[in-house]
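To be precise, the following lines are start.txt, and they hold compact mmCIF, C-alpha atoms and all ligand atoms.
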```
# COMPACT_ATOMS: atom_id res chain seq x y z
CA GLY A 166 -176.30 -86.33 86.03
CA PHE A 167 -173.00 -87.87 86.99
CA GLN A 168 -173.01 -91.17 88.81
CA CYS A 169 -170.61 -92.72 91.25
CA GLY A 170 -171.11 -96.43 91.93
CA ILE A 171 -170.45 -97.86 95.40
CA VAL A 172 -168.84 -101.30 95.16
CA GLY A 173 -167.01 -103.67 97.51
CA LEU A 174 -167.09 -107.18 98.95
CA PRO A 175 -170.01 -108.19 101.19
CA ASN A 176 -169.93 -106.97 104.82
CA VAL A 177 -167.51 -104.09 104.28
CA GLY A 178 -170.08 -101.39 105.11
CA LYS A 179 -171.54 -100.45 101.71
CA SER A 180 -175.17 -100.45 102.79
CA THR A 181 -174.39 -98.61 106.01
CA LEU A 182 -172.64 -95.92 104.01
CA PHE A 183 -175.25 -95.79 101.30
CA ASN A 184 -178.08 -95.53 103.83
CA ALA A 185 -176.30 -92.63 105.50
CA LEU A 186 -176.00 -90.96 102.10
CA THR A 187 -179.65 -91.48 101.24
CA ARG A 188 -180.87 -90.44 104.66
CA THR A 189 -178.97 -87.22 104.14
CA ALA A 190 -180.46 -87.02 100.66
CA ALA A 191 -183.96 -87.69 102.01
CA ALA A 192 -183.56 -84.92 104.57
CA GLN A 193 -182.44 -82.61 101.78
CA ALA A 194 -185.19 -83.81 99.47
CA ALA A 195 -187.83 -82.03 101.50
CA ASN A 196 -186.32 -78.76 100.26
CA TYR A 197 -185.65 -79.88 96.72
CA PRO A 198 -188.77 -81.04 94.93
CA PHE A 199 -186.87 -82.24 91.86
CA CYS A 200 -184.72 -84.66 93.78
CA THR A 201 -185.61 -88.24 92.94
CA ILE A 202 -184.71 -91.10 95.22
CA GLU A 203 -184.80 -94.65 93.97
CA PRO A 204 -184.07 -97.65 96.15
CA ASN A 205 -180.45 -98.00 95.11
CA THR A 206 -179.81 -94.44 94.01
CA GLY A 207 -179.11 -91.43 96.21
CA ASP A 208 -179.02 -87.96 94.78
CA VAL A 209 -176.98 -85.87 97.23
CA ALA A 210 -176.11 -82.18 97.45
CA VAL A 211 -172.45 -81.36 96.89
CA PRO A 212 -171.43 -79.44 100.01
CA ASP A 213 -169.83 -76.12 99.06
CA PRO A 214 -169.35 -73.30 101.61
CA ARG A 215 -168.77 -70.87 98.71
CA LEU A 216 -172.45 -71.07 97.81
CA THR A 217 -173.50 -69.83 101.25
CA ALA A 218 -171.02 -66.95 101.00
CA ILE A 219 -172.34 -65.97 97.56
CA ALA A 220 -175.96 -66.10 98.72
CA LYS A 221 -175.12 -63.83 101.64
CA VAL A 222 -173.42 -61.25 99.43
CA ALA A 223 -176.14 -61.39 96.75
CA GLY A 224 -178.97 -61.41 99.30
CA SER A 225 -180.43 -64.53 97.69
CA ALA A 226 -183.62 -65.91 99.23
CA ASN A 227 -182.78 -69.51 98.30
CA ILE A 228 -179.70 -71.68 98.04
CA VAL A 229 -179.66 -74.50 95.49
CA PRO A 230 -176.59 -76.73 95.63
CA THR A 231 -175.49 -78.87 92.73
CA ARG A 232 -175.93 -82.63 93.06
CA LEU A 233 -174.13 -85.88 92.56
CA THR A 234 -175.68 -89.35 92.32
CA PHE A 235 -174.46 -92.38 94.23
CA VAL A 236 -175.57 -95.86 93.19
CA ASP A 237 -175.38 -98.83 95.54
CA ILE A 238 -174.06 -101.72 93.46
CA ALA A 239 -174.45 -104.81 95.62
CA GLY A 240 -173.72 -108.36 94.66
CA LEU A 241 -170.00 -108.65 94.15
CA VAL A 242 -168.55 -112.00 95.12
CA ARG A 243 -165.44 -113.82 93.99
CA GLY A 244 -166.28 -115.28 90.57
CA ALA A 245 -168.60 -112.44 89.55
CA SER A 246 -166.84 -112.26 86.19
CA LYS A 247 -167.85 -115.91 85.68
CA GLY A 248 -171.45 -115.06 86.47
CA GLU A 249 -171.31 -116.25 90.11
CA GLY A 250 -173.86 -114.69 92.45
CA LEU A 251 -175.40 -111.70 90.76
CA GLY A 252 -172.23 -111.41 88.72
CA ASN A 253 -173.58 -110.38 85.34
CA GLN A 254 -176.04 -107.89 86.77
CA PHE A 255 -173.31 -106.51 88.98
CA LEU A 256 -170.96 -105.93 86.06
CA ALA A 257 -173.73 -104.39 83.95
CA ASN A 258 -174.48 -101.95 86.78
CA ILE A 259 -170.84 -100.91 87.04
CA ARG A 260 -170.69 -100.32 83.31
CA GLU A 261 -173.33 -97.59 83.68
CA VAL A 262 -171.58 -95.44 86.29
CA ASP A 263 -168.96 -92.77 85.58
CA ALA A 264 -166.70 -93.57 88.53
CA ILE A 265 -166.27 -96.18 91.25
CA ALA A 266 -166.22 -95.66 95.01
CA HIS A 267 -164.62 -98.86 96.25
CA VAL A 268 -165.41 -99.49 99.92
CA LEU A 269 -162.72 -101.40 101.81
CA ARG A 270 -163.15 -102.84 105.27
CA CYS A 271 -160.55 -101.27 107.54
CA PHE A 272 -162.31 -102.06 110.81
CA ALA A 273 -161.83 -105.12 113.00
CA ASP A 274 -164.99 -106.50 114.58
CA ASP A 275 -165.14 -110.16 115.59
CA ASP A 276 -168.93 -110.15 115.38
CA ILE A 277 -168.94 -109.32 111.68
CA THR A 278 -167.69 -112.06 109.41
CA HIS A 279 -165.34 -111.28 106.61
CA VAL A 280 -166.01 -113.31 103.45
CA ASP A 281 -162.37 -114.36 103.27
CA GLY A 282 -161.94 -114.79 107.01
CA LYS A 283 -159.38 -112.03 107.57
CA ILE A 284 -159.27 -108.23 107.55
CA ASP A 285 -156.99 -107.25 104.68
CA PRO A 286 -158.18 -104.28 102.60
CA ILE A 287 -155.34 -104.58 100.09
CA ALA A 288 -156.20 -108.22 99.38
CA ASP A 289 -159.91 -107.25 99.19
CA ALA A 290 -159.13 -104.50 96.68
CA ASP A 291 -157.23 -107.06 94.58
CA THR A 292 -160.12 -109.53 94.74
CA VAL A 293 -162.58 -106.96 93.42
CA GLU A 294 -160.18 -105.56 90.85
CA THR A 295 -159.37 -109.06 89.57
CA GLU A 296 -163.04 -109.71 88.83
CA LEU A 297 -163.24 -106.47 86.89
CA MET A 298 -160.01 -107.15 85.02
CA VAL A 299 -161.13 -110.66 84.03
CA ALA A 300 -164.40 -109.23 82.72
CA ASP A 301 -162.50 -106.60 80.71
CA MET A 302 -160.08 -109.14 79.26
CA GLU A 303 -162.91 -111.37 78.13
CA SER A 304 -164.75 -108.45 76.62
CA LEU A 305 -161.64 -107.30 74.74
CA GLU A 306 -160.75 -110.80 73.53
CA ARG A 307 -164.26 -111.18 72.17
CA ARG A 308 -164.05 -107.91 70.27
CA ILE A 309 -160.46 -108.02 69.03
CA ALA A 310 -160.62 -110.90 66.53
CA PRO A 311 -163.43 -109.44 64.35
CA LEU A 312 -161.79 -106.02 64.60
CA ARG A 313 -158.47 -107.39 63.32
CA LYS A 314 -160.27 -108.72 60.28
CA LYS A 315 -161.87 -105.37 59.63
CA ALA A 316 -158.57 -103.53 60.09
CA SER A 317 -156.74 -105.78 57.62
CA GLY A 318 -159.59 -105.17 55.21
CA GLY A 319 -158.70 -101.46 55.39
CA ASP A 320 -161.44 -100.23 57.78
CA LYS A 321 -160.19 -96.89 59.08
CA GLU A 322 -162.06 -96.89 62.38
CA ALA A 323 -160.97 -100.42 63.17
CA LYS A 324 -157.38 -99.42 62.46
CA ALA A 325 -157.63 -96.56 64.94
CA VAL A 326 -159.31 -98.58 67.70
CA LEU A 327 -157.29 -101.78 67.42
CA PRO A 328 -153.96 -100.53 68.84
CA ILE A 329 -155.71 -99.11 71.94
CA MET A 330 -157.60 -102.37 72.44
CA GLU A 331 -154.43 -104.39 72.08
CA ALA A 332 -152.51 -102.13 74.46
CA ALA A 333 -155.32 -102.34 77.03
CA LEU A 334 -155.45 -106.12 76.74
CA ALA A 335 -151.67 -106.42 77.16
CA LEU A 336 -151.84 -104.21 80.26
CA LEU A 337 -154.66 -106.28 81.76
CA GLN A 338 -152.78 -109.51 81.02
CA ASP A 339 -149.91 -107.95 82.94
CA GLY A 340 -152.27 -107.60 85.93
CA LYS A 341 -152.93 -103.86 85.63
CA PRO A 342 -156.27 -102.05 85.26
CA ALA A 343 -157.03 -100.26 81.98
CA ARG A 344 -157.04 -96.84 83.70
CA ARG A 345 -153.24 -97.18 83.94
CA LEU A 346 -152.92 -97.15 80.14
CA GLU A 347 -150.65 -94.38 78.91
CA LEU A 348 -152.52 -92.26 76.40
CA HIS A 349 -150.92 -89.78 74.03
CA SER A 350 -153.81 -87.73 72.70
CA ALA A 351 -157.41 -86.70 73.23
CA GLU A 352 -158.38 -89.07 70.40
CA GLU A 353 -156.80 -92.01 72.22
CA ARG A 354 -158.65 -91.01 75.39
CA LYS A 355 -161.89 -90.94 73.44
CA ILE A 356 -161.24 -94.38 71.97
CA LEU A 357 -160.48 -95.86 75.41
CA ASP A 358 -163.63 -94.27 76.88
CA GLY A 359 -165.60 -95.68 73.97
CA LEU A 360 -164.49 -99.22 74.88
CA ASN A 361 -166.41 -98.78 78.15
CA LEU A 362 -164.05 -100.98 80.14
CA LEU A 363 -164.80 -101.49 83.83
CA THR A 364 -161.21 -100.95 84.92
CA ALA A 365 -160.85 -97.76 82.87
CA LYS A 366 -163.20 -95.92 85.23
CA PRO A 367 -161.62 -93.70 87.88
CA VAL A 368 -161.51 -95.24 91.37
CA LEU A 369 -161.84 -93.76 94.82
CA TYR A 370 -160.94 -96.07 97.71
CA VAL A 371 -163.23 -95.55 100.70
CA CYS A 372 -161.49 -96.80 103.85
CA ASN A 373 -164.23 -97.76 106.29
CA VAL A 374 -162.49 -97.55 109.68
CA ASP A 375 -163.66 -98.29 113.23
CA GLU A 376 -165.36 -95.49 115.15
CA ALA A 377 -162.26 -94.69 117.23
CA SER A 378 -160.15 -94.10 114.10
CA ALA A 379 -162.59 -91.84 112.25
CA ALA A 380 -160.48 -88.71 112.74
CA THR A 381 -157.02 -90.26 112.49
CA GLY A 382 -157.34 -93.31 110.27
CA ASN A 383 -155.59 -96.54 111.29
CA GLU A 384 -152.82 -98.86 110.17
CA LEU A 385 -155.09 -100.50 107.57
CA SER A 386 -156.32 -97.25 106.03
CA THR A 387 -152.72 -96.00 105.89
CA ARG A 388 -151.85 -98.99 103.73
CA VAL A 389 -154.77 -98.26 101.41
CA ILE A 390 -153.75 -94.62 101.09
CA GLU A 391 -150.21 -95.72 100.15
CA LYS A 392 -151.66 -98.04 97.51
CA ALA A 393 -153.87 -95.26 96.16
CA LYS A 394 -150.90 -92.89 95.93
CA ALA A 395 -148.83 -95.45 94.06
CA GLU A 396 -151.66 -95.94 91.56
CA GLY A 397 -152.62 -92.31 91.15
CA ALA A 398 -156.04 -93.15 92.67
CA ALA A 399 -157.89 -91.20 95.35
CA ALA A 400 -158.74 -92.33 98.90
CA VAL A 401 -160.88 -91.12 101.80
CA VAL A 402 -161.10 -92.33 105.39
CA ILE A 403 -164.57 -92.62 106.83
CA SER A 404 -166.41 -94.56 109.54
CA ALA A 405 -169.67 -95.74 108.03
CA ALA A 406 -171.08 -96.50 111.49
CA ILE A 407 -170.48 -92.91 112.59
CA GLU A 408 -171.87 -91.49 109.35
CA ALA A 409 -175.03 -93.52 109.88
CA GLU A 410 -175.42 -91.93 113.32
CA ILE A 411 -174.63 -88.41 112.11
CA ALA A 412 -177.20 -88.69 109.34
CA GLN A 413 -179.92 -89.18 111.97
CA LEU A 414 -179.05 -86.11 114.03
CA ALA A 415 -180.41 -82.60 113.76
CA ASP A 416 -177.92 -79.95 112.58
CA ALA A 417 -177.07 -78.55 116.01
CA GLU A 418 -176.52 -82.00 117.49
CA GLN A 419 -174.44 -82.96 114.47
CA ALA A 420 -171.94 -80.18 115.06
CA GLU A 421 -171.59 -81.15 118.71
CA TYR A 422 -171.17 -84.84 117.92
CA LEU A 423 -168.59 -84.12 115.21
CA GLU A 424 -166.58 -81.98 117.61
CA SER A 425 -166.61 -84.71 120.26
CA LEU A 426 -165.09 -87.03 117.65
CA GLY A 427 -162.43 -84.55 116.59
CA LEU A 428 -163.98 -84.11 113.13
CA ASP A 429 -164.65 -80.74 111.52
CA GLU A 430 -167.21 -82.03 109.01
CA PRO A 431 -169.11 -85.25 108.26
CA GLY A 432 -167.02 -87.82 106.40
CA LEU A 433 -169.82 -87.97 103.84
CA ASP A 434 -169.05 -84.40 102.81
CA ARG A 435 -165.46 -85.39 102.12
CA LEU A 436 -166.65 -88.48 100.25
CA ILE A 437 -169.05 -86.48 98.08
CA ARG A 438 -166.41 -83.88 97.26
CA ALA A 439 -163.82 -86.57 96.50
CA GLY A 440 -166.32 -88.25 94.15
CA TYR A 441 -166.93 -84.93 92.44
CA GLU A 442 -163.20 -84.36 91.94
CA LEU A 443 -162.68 -87.90 90.77
CA LEU A 444 -165.19 -87.28 88.00
CA GLY A 445 -163.26 -84.21 86.88
CA LEU A 446 -166.15 -81.91 87.73
CA ILE A 447 -166.06 -78.23 88.64
CA THR A 448 -168.70 -75.79 89.84
CA TYR A 449 -169.82 -72.42 88.57
CA PHE A 450 -172.44 -70.24 90.23
CA THR A 451 -175.37 -68.03 89.36
CA ALA A 452 -176.51 -65.48 91.93
CA GLY A 453 -179.53 -63.20 92.19
CA PRO A 454 -182.11 -62.07 94.72
CA LYS A 455 -184.24 -65.18 94.11
CA GLU A 456 -181.56 -67.80 94.40
CA ALA A 457 -177.88 -68.56 94.55
CA ARG A 458 -177.22 -71.74 92.70
CA ALA A 459 -174.32 -74.06 91.94
CA TRP A 460 -174.01 -75.82 88.59
CA THR A 461 -171.80 -78.71 87.54
CA VAL A 462 -169.65 -78.85 84.43
CA VAL A 463 -166.80 -81.09 83.33
CA LYS A 464 -163.40 -79.40 83.58
CA GLY A 465 -162.59 -77.79 80.22
CA THR A 466 -166.20 -76.88 79.33
CA LYS A 467 -166.57 -73.63 77.39
CA ALA A 468 -169.06 -70.88 78.26
CA PRO A 469 -171.84 -71.95 75.82
CA GLY A 470 -171.71 -75.53 77.14
CA ALA A 471 -171.92 -74.24 80.70
CA ALA A 472 -174.95 -72.14 79.76
CA GLY A 473 -176.49 -75.27 78.27
CA VAL A 474 -176.48 -76.93 81.70
CA ILE A 475 -179.09 -74.36 82.78
CA HIS A 476 -181.14 -74.55 79.60
CA THR A 477 -180.49 -75.71 76.04
CA ASP A 478 -181.87 -72.35 74.79
CA PHE A 479 -179.07 -70.60 76.66
CA GLU A 480 -176.52 -72.60 74.70
CA ARG A 481 -178.25 -72.25 71.33
CA GLY A 482 -178.66 -68.49 71.63
CA PHE A 483 -175.41 -67.84 73.51
CA ILE A 484 -174.01 -64.32 72.99
CA ARG A 485 -171.60 -63.82 75.86
CA ALA A 486 -171.10 -64.45 79.55
CA GLN A 487 -170.42 -61.94 82.28
CA THR A 488 -167.94 -63.62 84.58
CA ILE A 489 -166.77 -62.70 88.07
CA ALA A 490 -164.26 -64.86 89.95
CA TYR A 491 -165.59 -66.18 93.26
CA ASP A 492 -163.00 -64.34 95.39
CA ASP A 493 -163.74 -61.02 93.67
CA PHE A 494 -167.49 -61.52 94.01
CA VAL A 495 -167.30 -62.17 97.74
CA THR A 496 -164.49 -59.82 98.82
CA LEU A 497 -165.79 -56.88 96.75
CA GLY A 498 -169.36 -57.48 97.91
CA GLY A 499 -171.38 -58.64 94.90
CA GLU A 500 -172.02 -58.01 91.23
CA THR A 501 -172.36 -54.21 91.19
CA ALA A 502 -169.24 -53.66 93.27
CA ALA A 503 -167.28 -56.16 91.19
CA LYS A 504 -168.36 -54.37 88.00
CA GLU A 505 -167.28 -51.00 89.40
CA ALA A 506 -163.92 -52.47 90.34
CA GLY A 507 -163.51 -53.72 86.76
CA LYS A 508 -163.63 -57.34 87.91
CA ALA A 509 -166.62 -58.38 85.78
CA ARG A 510 -165.26 -59.75 82.50
CA ASP A 511 -167.24 -60.23 79.31
CA GLU A 512 -166.32 -63.61 77.88
CA GLY A 513 -167.19 -65.15 74.52
CA LYS A 514 -167.75 -68.60 73.04
CA GLU A 515 -164.18 -69.79 73.52
CA TYR A 516 -163.98 -69.01 77.25
CA VAL A 517 -163.13 -72.07 79.35
CA VAL A 518 -165.14 -71.92 82.57
CA LYS A 519 -163.11 -71.89 85.79
CA ASP A 520 -164.12 -73.44 89.09
CA GLY A 521 -165.86 -70.78 91.18
CA ASP A 522 -166.87 -68.44 88.34
CA VAL A 523 -170.02 -66.46 89.09
CA MET A 524 -171.72 -66.20 85.69
CA LEU A 525 -174.51 -64.34 83.96
CA PHE A 526 -175.38 -65.39 80.41
CA LYS A 527 -176.56 -63.07 77.63
CA PHE A 528 -178.43 -64.96 74.95
CA ASN A 529 -180.88 -64.61 72.04
CA THR A 530 -184.20 -66.30 72.44
P1 LIG A 601 -172.29 -104.44 103.04
O1 LIG A 601 -172.55 -105.89 102.93
O2 LIG A 601 -170.97 -104.07 102.44
O3 LIG A 601 -173.39 -103.59 102.54
O4 LIG A 601 -172.08 -104.15 104.60
P2 LIG A 601 -173.09 -103.53 105.67
O5 LIG A 601 -173.20 -102.07 105.51
O6 LIG A 601 -174.34 -104.33 105.68
O7 LIG A 601 -172.25 -103.79 106.98
C1 LIG A 601 -171.93 -105.10 107.44
C2 LIG A 601 -171.85 -105.07 108.93
O8 LIG A 601 -170.74 -104.27 109.34
C3 LIG A 601 -173.07 -104.47 109.59
O9 LIG A 601 -173.35 -105.21 110.74
C4 LIG A 601 -172.61 -103.06 109.95
O10 LIG A 601 -173.28 -102.59 111.09
C5 LIG A 601 -171.14 -103.28 110.24
N1 LIG A 601 -170.37 -102.05 110.01
C6 LIG A 601 -170.40 -101.25 108.91
N2 LIG A 601 -169.56 -100.21 109.06
C7 LIG A 601 -168.99 -100.36 110.28
C8 LIG A 601 -168.03 -99.59 111.01
O11 LIG A 601 -167.55 -98.53 110.58
N3 LIG A 601 -167.68 -100.08 112.24
C9 LIG A 601 -168.21 -101.23 112.75
N4 LIG A 601 -167.81 -101.65 113.94
N5 LIG A 601 -169.12 -101.96 112.08
C10 LIG A 601 -169.51 -101.54 110.87
```
Re-express the file's structure as structure tokens.
Ligand code: GDP
Amino acid sequence: GFQCGIVGLPNVGKSTLFNALTRTAAAQAANYPFCTIEPNTGDVAVPDPRLTAIAKVAGSANIVPTRLTFVDIAGLVRGASKGEGLGNQFLANIREVDAIAHVLRCFADDDITHVDGKIDPIADADTVETELMVADMESLERRIAPLRKKASGGDKEAKAVLPIMEAALALLQDGKPARRLELHSAEERKILDGLNLLTAKPVLYVCNVDEASAATGNELSTRVIEKAKAEGAAAVVISAAIEAEIAQLADAEQAEYLESLGLDEPGLDRLIRAGYELLGLITYFTAGPKEARAWTVVKGTKAPGAAGVIHTDFERGFIRAQTIAYDDFVTLGGETAAKEAGKARDEGKEYVVKDGDVMLFKFNT
């Protein structure tokens, strides 16, 4: 599955947030036998009201949401790139995730020490990013010299990779993360991804605000959102303390508590969805009397690849896919009605799956 790593300086609220996520996951796990929970990994359902609507229309007995994994990556301190603290382990853990949720302390609380002695989320973001950039620069410098030799010896692959490496290094030396690199083709994107740089991963800033600012945000989170906009990054405002409380409540109490705070859904739901978007993921559905289920694919996936998410046999023997757009499925009242209205399309191997498609695969076994 796809993994989103939670990082940030000590005492910014990472564990509080992660525990809220895993408590939610644990509550869900009772209904989903295949959900694994490891100490630092939480496998959470992606909230999607469309799935409930589809199940209602299709008369499905069960609802199975799609899932996203969050990993708690503790241990970042200044100097991590030099191996301080759990530095090397920390960097190795980040290398394994697909995207980064970067928690920033946007709450003032005199009882909770800040490692640098002041509440400044922008400075904190820079501290963390600097460690990652230093690690990337060192990794590139190590790899560039032998690659230059290969390239001058005529090695084709080295010749293709080298300019991207050099451009990334120049950008980092200019104080910018590798994800800001301007790419001109899918091949260049593939080369950059292949370098597995820490700062090439997409970033979501998680502004952890005080309880009173959960619905509105505050002056600090506003600054983070401005920073995110300027960088083309994503940001969400959340109060980890509130999320921790919400995660302990029963559903009915949750709704009441949320309303009293002026929130229309748990912040975790927004966080999970933002993580999903950050990873470039979309959802398609399958619906029948037994279950309505959501499945995850990367944007741009074609029908056979989408079928392969259910089972590799579906991809191997793919013939075609019956596809109904979500709106048609729900407004017309299900598969039969959509077919009668001419809204069920037969799509072949080249069809690019759209978010919300309700699909039925025909395949050879
Ligand atoms: P971590 O080191 O980043 O994992 O931070 P923790 O989750 O352990 O949080 C550090 C301290 O900040 C704990 O005492 C939390 O209770 C507190 N904390 C976390 N989030 C909030 C919040 O939204 N508001 C307030 N007031 N305290 C918080």
> Need the neighbours of (-176.8, -68.3, 76.9): which residues are at most 10 Å away, counting only C-alpha atoms, as a PyMOL selection string?
Replying inline: chain A and resi 468-486+514+525-530
Since we have the selection now, will you write its residues out, keeping C-alpha atoms, as a PDB file, keeping the file's coordinate frame?
```pdb
ATOM      1  CA  ALA A 468    -169.060 -70.880  78.260  1.00  0.00           C
ATOM      2  CA  PRO A 469    -171.840 -71.950  75.820  1.00  0.00           C
ATOM      3  CA  GLY A 470    -171.710 -75.530  77.140  1.00  0.00           C
ATOM      4  CA  ALA A 471    -171.920 -74.240  80.700  1.00  0.00           C
ATOM      5  CA  ALA A 472    -174.950 -72.140  79.760  1.00  0.00           C
ATOM      6  CA  GLY A 473    -176.490 -75.270  78.270  1.00  0.00           C
ATOM      7  CA  VAL A 474    -176.480 -76.930  81.700  1.00  0.00           C
ATOM      8  CA  ILE A 475    -179.090 -74.360  82.780  1.00  0.00           C
ATOM      9  CA  HIS A 476    -181.140 -74.550  79.600  1.00  0.00           C
ATOM     10  CA  THR A 477    -180.490 -75.710  76.040  1.00  0.00           C
ATOM     11  CA  ASP A 478    -181.870 -72.350  74.790  1.00  0.00           C
ATOM     12  CA  PHE A 479    -179.070 -70.600  76.660  1.00  0.00           C
ATOM     13  CA  GLU A 480    -176.520 -72.600  74.700  1.00  0.00           C
ATOM     14  CA  ARG A 481    -178.250 -72.250  71.330  1.00  0.00           C
ATOM     15  CA  GLY A 482    -178.660 -68.490  71.630  1.00  0.00           C
ATOM     16  CA  PHE A 483    -175.410 -67.840  73.510  1.00  0.00           C
ATOM     17  CA  ILE A 484    -174.010 -64.320  72.990  1.00  0.00           C
ATOM     18  CA  ARG A 485    -171.600 -63.820  75.860  1.00  0.00           C
ATOM     19  CA  ALA A 486    -171.100 -64.450  79.550  1.00  0.00           C
ATOM     20  CA  LYS A 514    -167.750 -68.600  73.040  1.00  0.00           C
ATOM     21  CA  LEU A 525    -174.510 -64.340  83.960  1.00  0.00           C
ATOM     22  CA  PHE A 526    -175.380 -65.390  80.410  1.00  0.00           C
ATOM     23  CA  LYS A 527    -176.560 -63.070  77.630  1.00  0.00           C
ATOM     24  CA  PHE A 528    -178.430 -64.960  74.950  1.00  0.00           C
ATOM     25  CA  ASN A 529    -180.880 -64.610  72.040  1.00  0.00           C
ATOM     26  CA  THR A 530    -184.200 -66.300  72.440  1.00  0.00           C
TER      27      THR A 530
END
```
>> At a cut-off of 9 Å, using all atoms listed in the file, what residues contact range 438-440 of chain A? Leave out same-chain residues fewer than 3 positions from it and give the result as a ChimeraX atom specification.
In response: /A:169,211-213,233,264-266,368-369,399-401,433-435,443-445
Taking C-alpha atoms for each residue, export the selection above as an mmCIF file, keeping the file's coordinate frame.
```
data_model
loop_
_atom_site.group_PDB
_atom_site.id
_atom_site.type_symbol
_atom_site.label_atom_id
_atom_site.label_comp_id
_atom_site.auth_asym_id
_atom_site.auth_seq_id
_atom_site.Cartn_x
_atom_site.Cartn_y
_atom_site.Cartn_z
ATOM 1 C CA CYS A 169 -170.610 -92.720 91.250
ATOM 2 C CA VAL A 211 -172.450 -81.360 96.890
ATOM 3 C CA PRO A 212 -171.430 -79.440 100.010
ATOM 4 C CA ASP A 213 -169.830 -76.120 99.060
ATOM 5 C CA LEU A 233 -174.130 -85.880 92.560
ATOM 6 C CA ALA A 264 -166.700 -93.570 88.530
ATOM 7 C CA ILE A 265 -166.270 -96.180 91.250
ATOM 8 C CA ALA A 266 -166.220 -95.660 95.010
ATOM 9 C CA VAL A 368 -161.510 -95.240 91.370
ATOM 10 C CA LEU A 369 -161.840 -93.760 94.820
ATOM 11 C CA ALA A 399 -157.890 -91.200 95.350
ATOM 12 C CA ALA A 400 -158.740 -92.330 98.900
ATOM 13 C CA VAL A 401 -160.880 -91.120 101.800
ATOM 14 C CA LEU A 433 -169.820 -87.970 103.840
ATOM 15 C CA ASP A 434 -169.050 -84.400 102.810
ATOM 16 C CA ARG A 435 -165.460 -85.390 102.120
ATOM 17 C CA LEU A 443 -162.680 -87.900 90.770
ATOM 18 C CA LEU A 444 -165.190 -87.280 88.000
ATOM 19 C CA GLY A 445 -163.260 -84.210 86.880
#
```
Could you give me, as CSV, every chain A residue with an atom at most 10 Å from ligand LIG 601 (chain A), plus its closest atom pair and distance in Å to one decimal, counting all atoms listed in the file, rows ordered by chain then number?
```
residue,atom,partner,partner_atom,distance
A:Ile171,CA,A:LIG601,O2,9.4
A:Val172,CA,A:LIG601,O2,8.1
A:Gly173,CA,A:LIG601,O2,6.3
A:Leu174,CA,A:LIG601,O2,6.1
A:Pro175,CA,A:LIG601,O1,3.8
A:Asn176,CA,A:LIG601,O1,3.4
A:Val177,CA,A:LIG601,O2,3.9
A:Gly178,CA,A:LIG601,O5,3.2
A:Lys179,CA,A:LIG601,O2,3.7
A:Ser180,CA,A:LIG601,O3,3.6
A:Thr181,CA,A:LIG601,O5,3.7
A:Leu182,CA,A:LIG601,O5,6.4
A:Phe183,CA,A:LIG601,O5,7.8
A:Asn184,CA,A:LIG601,O5,8.3
A:Ala185,CA,A:LIG601,O5,9.9
A:Asp237,CA,A:LIG601,O3,8.7
A:Ile238,CA,A:LIG601,O3,9.3
A:Ala239,CA,A:LIG601,O3,7.1
A:Gly240,CA,A:LIG601,O1,8.7
A:Leu241,CA,A:LIG601,O2,9.5
A:Val268,CA,A:LIG601,O2,7.6
A:Leu269,CA,A:LIG601,O2,8.7
A:Arg270,CA,A:LIG601,N2,7.9
A:Cys271,CA,A:LIG601,O11,8.1
A:Phe272,CA,A:LIG601,N3,5.9
A:Ala273,CA,A:LIG601,N4,7.0
A:Asp274,CA,A:LIG601,N4,5.6
A:Asp275,CA,A:LIG601,N4,9.1
A:Asp276,CA,A:LIG601,O9,8.1
A:Ile277,CA,A:LIG601,C2,5.8
A:Thr278,CA,A:LIG601,C2,8.1
A:His279,CA,A:LIG601,C1,9.1
A:Val280,CA,A:LIG601,O1,9.9
A:Cys372,CA,A:LIG601,O11,9.2
A:Asn373,CA,A:LIG601,O11,5.5
A:Val374,CA,A:LIG601,O11,5.2
A:Asp375,CA,A:LIG601,N3,4.5
A:Glu376,CA,A:LIG601,N3,5.9
A:Ala377,CA,A:LIG601,N3,9.1
A:Ser378,CA,A:LIG601,O11,9.3
A:Ala379,CA,A:LIG601,O11,8.5
A:Ile403,CA,A:LIG601,O11,7.6
A:Ser404,CA,A:LIG601,O11,4.3
A:Ala405,CA,A:LIG601,O11,4.3
A:Ala406,CA,A:LIG601,O11,4.2
A:Ile407,CA,A:LIG601,O11,6.6
A:Glu408,CA,A:LIG601,O11,8.4
A:Ala409,CA,A:LIG601,N2,8.7
```
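Minimum distance to Ala452 in chain A across A:Val371, A:Ala380, A:Leu426, A:Val523 (counting all atoms listed in the file) occurs at A:Val523.
When all atoms listed in the file are used to compute distances to Lys247 in chain A, the closest of the residues A:Ala210, A:Leu362, A:Val222, A:Met298 turns out to be A:Met298.
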>> Here is a test: counting only C-alpha atoms, which residue of A:Thr295, A:Gln419, A:Thr496, A:Ser304 is nearest to Arg215 in chain A?
In response: A:Thr496
Centre, x/y/z edge lengths, axis-aligned box for range 382-397 of chain A with 4 Å per side, as JSON:
```
{"center_x": -153.1, "center_y": -96.4, "center_z": 101.2, "size_x": 16.5, "size_y": 16.2, "size_z": 28.1}
```
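For the pair CA of Asn227 in chain A and CA of Lys455 in chain A, the interatomic distance is 6.2 Å.
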> Between A:Pro454, A:Asp520, A:Ala218, A:Ala503, which has the minimum distance to Thr466 in chain A (counting only C-alpha atoms)?
Replying inline: A:Asp520
Sorted by chain and rising residue number, which residues of range 390-420 of chain A lie within 12 Å of range 334-346 of chain A, and what are their closest atom pairs and distances in Å to one decimal, counting only C-alpha atoms, as CSV?
```
residue,atom,partner,partner_atom,distance
A:Ala395,CA,A:Arg345,CA,11.2
A:Glu396,CA,A:Arg345,CA,7.9
A:Gly397,CA,A:Arg345,CA,8.7
A:Ala398,CA,A:Arg344,CA,9.8
```
